[in-house]
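Q: Can you keep this structure in mind? I'll have questions shortly.
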Number of protein chains: 2
Amino acid sequence: MTRMTPARPVPLPERPQLGLRERKKIKTRMAIREATYTLIKEQGYDATTIEQIAERAEVSPSTVFRYFPTKEDIVLTDEYDPILLAELRKRPADEPWMESLRYVVRLAIGAATEEDPEVVRLRSHLLVQVPAVRSRMLESMSVTGRMLGEAIAERTGMAQDSFEVRVFTMSLIGGLAEISLYWAEHDFKDDLQDLLDRALDVIEHGLPAKNT
Amino acid sequence: MTRMTPARPVPLPERPQLGLRERKKIKTRMAIREATYTLIKEQGYDATTIEQIAERAEVSPSTVFRYFPTKEDIVLTDEYDPILLAELRKRPADEPWMESLRYVVRLAIGAATEEDPEVVRLRSHLLVQVPAVRSRMLESMSVTGRMLGEAIAERTGMAQDSFEVRVFTMSLIGGLAEISLYWAEHDFKDDLQDLLDRALDVIEHGLPAKNT
DNA sequence: CCATGAAATGAGAGGTGCTATCAAAAGAAT
DNA sequence: ATTCTTTTGATAGCACCTCTCATTTCATGG
């Protein structure tokens, strides 16, 4: 049913003509991430120190902090935001904007799971277990929400910094965040896209009313 | 001398017959809070260390941590939650539950502003300025949200751990959190209760549609 | 190919939040 | 006044994170 795979998930940019420096930077960035993931899988989040990460990634602790401002960021930083926004602006202007939203968030989830399903699960798991990660995630999503808010404001013709838009987007962020939490707490049994659809229904129409 | 007179359960203050220990605990708790507030007003949040707080509150740093698990908690911990829940359960069963919600949240805001308006503003200010405080606040509100979720589930007859209820409550939390942010960012010009009403309208009915 | 300039790295020191332990002090109970 | 319990303070210690500075590594122009 959810077999609608959009053809090209993430445009992997600029393989060619990158200076040696840039390539190395990408490499160490990935090395730090990988090291962090495996260490966390081995010993858990809290037990994993920056020093250990640095050691396994074969860099100095200083370098780790140069690449990631906080320990939580190593786990959950992603740069989907600009792509997401661009994708949203690409949608036809006559499409109901809530549909555009649905499409684009679905796209993001699809891209992430396609790229590395295990990491997606690990992150959701950490989201449930580690408050600091959860907090950082909400912060990060808030930023994304602000961006979405601008786009939504454009579409609806409302003021950019309108209170209503801001409330809606933050409300959206909250609801979306809950998806991951619920998913992880129920052992990843549900289909993420299904949950997303149900969540957006709730956000759009409120709770399926059994009474007023 | 300590004759046990029939206790009169006044809702608000357990003023009477508290042991010296309990009274002292409340006192130091307040002392730590006050010290923190004044210090923050003087030098800002980050520049204020636990050591300084301890010194001004005339306790040891250890004691500060005994009373508040984290520095952020000193600023924003409140114990409205149980009252809020009780108040919600007191509402007539035939009242539309969204109205009950509106009433009870309005009640909470009213109580807080009545108790100490300046502190309410300071906290909103910190919410905007200090990411750690903002994060901690969202965490705290999430817990409150869970409780509200249970109550809402009762009212709507939905399952307690229903995905839809959880999404709705977290969405609610997000929207409510935005109220404080907007309020502070716009120099506290708006009326909080007004903002609350508008926010709940958005959460209930979605964005006021100018098109689809 | 080498010299110069720029960027990334590593090493070290230091500050702060926070935890854990344990002995001393203060309140409660007999 | 005595025990008993709770609360406190002092100390040590760990981990996250910042800052600075010398060293290494890449880029560039002769």
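All residue names refer to the structure tokens as shown: chains lettered A, B, ... in order, residues numbered from 1 in each chain, ligands numbered from 1 in order.
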Could you give the RMSD, in Å, left over when chain A is least-squares superposed onto chain B across all Cα atoms paired sequentially?
A: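 The fitted C-alpha deviation between chain B and chain A is 6.9 Å.
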Q: Under the rule of at most 8 Å, produce a per-residue listing of chain B near chain C: chain, number, name, the closest pair of atoms, and the distance in Å, as CSV, using only C-alpha atoms (C1' of nucleotides).
A:
```
residue,atom,partner,partner_atom,distance
B:Leu20,CA,C:DG27,C1',7.4
B:Arg21,CA,C:DG27,C1',6.6
B:Thr49,CA,C:DT16,C1',7.5
B:Phe65,CA,C:DC18,C1',7.9
B:Thr70,CA,C:DC18,C1',7.9
B:Lys71,CA,C:DG17,C1',7.9
```
Q: Dump all heavy atoms for the selected residues as a short mmCIF file (atom, residue, chain, number, x, y, z; two decimals), in the first residue's frame?
A:
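Now in again.cif:
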```
data_model
loop_
_atom_site.label_atom_id
_atom_site.label_comp_id
_atom_site.auth_asym_id
_atom_site.auth_seq_id
_atom_site.Cartn_x
_atom_site.Cartn_y
_atom_site.Cartn_z
N LEU B 20 9.64 21.48 62.01
CA LEU B 20 10.68 22.46 61.74
C LEU B 20 11.47 22.07 60.50
O LEU B 20 11.87 22.91 59.70
CB LEU B 20 11.59 22.58 62.95
CG LEU B 20 12.78 23.52 62.81
CD1 LEU B 20 12.32 24.88 62.34
CD2 LEU B 20 13.52 23.65 64.13
N ARG B 21 11.67 20.75 60.37
CA ARG B 21 12.43 20.28 59.20
C ARG B 21 11.78 20.68 57.91
O ARG B 21 12.41 21.26 57.03
CB ARG B 21 12.53 18.76 59.26
CG ARG B 21 13.73 18.32 60.04
CD ARG B 21 14.11 16.90 59.72
NE ARG B 21 15.34 16.60 60.41
CZ ARG B 21 15.55 15.53 61.14
NH1 ARG B 21 14.60 14.63 61.27
NH2 ARG B 21 16.71 15.34 61.72
N THR B 49 26.86 30.83 38.13
CA THR B 49 27.27 29.46 38.44
C THR B 49 26.56 28.95 39.69
O THR B 49 26.04 29.72 40.49
CB THR B 49 28.79 29.39 38.67
OG1 THR B 49 29.06 29.89 39.99
CG2 THR B 49 29.53 30.20 37.65
N PHE B 65 22.26 21.01 44.56
CA PHE B 65 21.96 19.86 43.71
C PHE B 65 21.01 18.89 44.38
O PHE B 65 20.36 18.08 43.73
CB PHE B 65 23.25 19.15 43.31
CG PHE B 65 24.01 19.89 42.26
CD1 PHE B 65 25.24 20.44 42.54
CD2 PHE B 65 23.48 20.04 40.99
CE1 PHE B 65 25.94 21.13 41.57
CE2 PHE B 65 24.18 20.74 40.01
CZ PHE B 65 25.42 21.28 40.30
N THR B 70 19.05 19.72 38.16
CA THR B 70 19.86 20.46 37.20
C THR B 70 19.67 21.96 37.41
O THR B 70 18.73 22.40 38.06
CB THR B 70 19.49 20.14 35.74
OG1 THR B 70 18.27 20.80 35.43
CG2 THR B 70 19.33 18.65 35.53
N LYS B 71 20.58 22.70 36.84
CA LYS B 71 20.52 24.15 36.96
C LYS B 71 19.24 24.69 36.34
O LYS B 71 18.65 25.64 36.86
CB LYS B 71 21.75 24.75 36.27
CG LYS B 71 21.92 26.23 36.45
CD LYS B 71 23.20 26.68 35.74
CE LYS B 71 23.25 28.17 35.55
NZ LYS B 71 24.39 28.58 34.70
#
```
Q: Could you work out which residues of chain A fall inside 8 Å of chain B? Count only C-alpha atoms, and format the result as an MDAnalysis selection string.
A: chainID A and resid 96:97 131 135:136 138:139 156:158 163:176 178:179 182 198:199 202:207 209:212
Q: Could you tell me which residues of chain A sit within 12 Å of chain D when counting only C-alpha atoms (C1' of nucleotides), and give me the result as an mmCIF file with N, CA and C atoms, in the first residue's frame?
A:
```cif
data_model
loop_
_atom_site.group_PDB
_atom_site.id
_atom_site.type_symbol
_atom_site.label_atom_id
_atom_site.label_comp_id
_atom_site.auth_asym_id
_atom_site.auth_seq_id
_atom_site.Cartn_x
_atom_site.Cartn_y
_atom_site.Cartn_z
ATOM 1 N N GLY A 19 38.225 19.145 -3.341
ATOM 2 C CA GLY A 19 39.613 19.177 -2.922
ATOM 3 C C GLY A 19 39.883 18.072 -1.907
ATOM 4 N N LEU A 20 41.121 17.741 -1.737
ATOM 5 C CA LEU A 20 41.482 16.692 -0.784
ATOM 6 C C LEU A 20 41.024 17.066 0.609
ATOM 7 N N ARG A 21 41.098 18.339 0.894
ATOM 8 C CA ARG A 21 40.672 18.797 2.226
ATOM 9 C C ARG A 21 39.222 18.468 2.490
ATOM 10 N N GLU A 22 38.392 18.855 1.546
ATOM 11 C CA GLU A 22 36.951 18.629 1.720
ATOM 12 C C GLU A 22 36.670 17.141 1.869
ATOM 13 N N ARG A 23 37.322 16.347 1.060
ATOM 14 C CA ARG A 23 37.074 14.917 1.139
ATOM 15 C C ARG A 23 37.468 14.366 2.500
ATOM 16 N N LYS A 24 38.584 14.813 2.984
ATOM 17 C CA LYS A 24 39.020 14.352 4.307
ATOM 18 C C LYS A 24 38.044 14.764 5.393
ATOM 19 N N LYS A 25 37.547 15.965 5.260
ATOM 20 C CA LYS A 25 36.594 16.444 6.266
ATOM 21 C C LYS A 25 35.351 15.553 6.302
ATOM 22 N N ASP A 46 25.369 6.805 27.559
ATOM 23 C CA ASP A 46 26.040 7.502 28.654
ATOM 24 C C ASP A 46 27.437 6.970 28.914
ATOM 25 N N ALA A 47 27.577 5.673 28.752
ATOM 26 C CA ALA A 47 28.871 5.062 29.032
ATOM 27 C C ALA A 47 29.899 5.397 27.965
ATOM 28 N N THR A 48 29.441 5.944 26.876
ATOM 29 C CA THR A 48 30.353 6.275 25.785
ATOM 30 C C THR A 48 30.849 7.705 25.925
ATOM 31 N N THR A 49 32.150 7.850 26.092
ATOM 32 C CA THR A 49 32.708 9.185 26.284
ATOM 33 C C THR A 49 33.285 9.719 24.976
ATOM 34 N N ILE A 50 33.446 11.008 24.964
ATOM 35 C CA ILE A 50 34.041 11.649 23.788
ATOM 36 C C ILE A 50 35.437 11.115 23.533
ATOM 37 N N GLU A 51 36.144 10.866 24.601
ATOM 38 C CA GLU A 51 37.501 10.354 24.474
ATOM 39 C C GLU A 51 37.515 9.018 23.723
ATOM 40 N N GLN A 52 36.608 8.151 24.117
ATOM 41 C CA GLN A 52 36.528 6.858 23.424
ATOM 42 C C GLN A 52 36.185 7.042 21.952
ATOM 43 N N PRO A 61 40.204 14.408 20.691
ATOM 44 C CA PRO A 61 38.953 14.926 21.246
ATOM 45 C C PRO A 61 38.631 16.327 20.744
ATOM 46 N N SER A 62 39.648 17.145 20.607
ATOM 47 C CA SER A 62 39.416 18.500 20.095
ATOM 48 C C SER A 62 38.694 18.442 18.763
ATOM 49 N N VAL A 64 36.797 16.147 17.550
ATOM 50 C CA VAL A 64 35.397 15.743 17.685
ATOM 51 C C VAL A 64 34.521 16.955 17.945
ATOM 52 N N PHE A 65 34.956 17.803 18.853
ATOM 53 C CA PHE A 65 34.157 18.989 19.170
ATOM 54 C C PHE A 65 34.175 20.004 18.047
ATOM 55 N N ARG A 66 35.208 19.938 17.241
ATOM 56 C CA ARG A 66 35.233 20.839 16.106
ATOM 57 C C ARG A 66 34.149 20.466 15.104
ATOM 58 N N PHE A 68 31.343 18.479 15.864
ATOM 59 C CA PHE A 68 30.008 18.452 16.449
ATOM 60 C C PHE A 68 30.005 19.258 17.749
ATOM 61 N N PRO A 69 29.157 20.219 17.826
ATOM 62 C CA PRO A 69 29.168 21.099 19.009
ATOM 63 C C PRO A 69 28.856 20.371 20.308
ATOM 64 N N THR A 70 27.992 19.374 20.258
ATOM 65 C CA THR A 70 27.698 18.630 21.473
ATOM 66 C C THR A 70 27.682 17.139 21.161
ATOM 67 N N LYS A 71 27.730 16.367 22.197
ATOM 68 C CA LYS A 71 27.724 14.912 22.028
ATOM 69 C C LYS A 71 26.423 14.452 21.372
ATOM 70 N N GLU A 72 25.330 15.085 21.723
ATOM 71 C CA GLU A 72 24.050 14.668 21.146
ATOM 72 C C GLU A 72 24.020 14.899 19.643
#
```
Q: Name the residues of stretch 9-203 of chain A that fall into alpha helix (DSSP H) according to DSSP on the backbone, using the chain letters and numbers of this document, as a PyMOL selection string.
A: chain A and resi 20-43+50-57+61-67+71-76+81-90+97-115+117-129+131-156+163-185+192-203
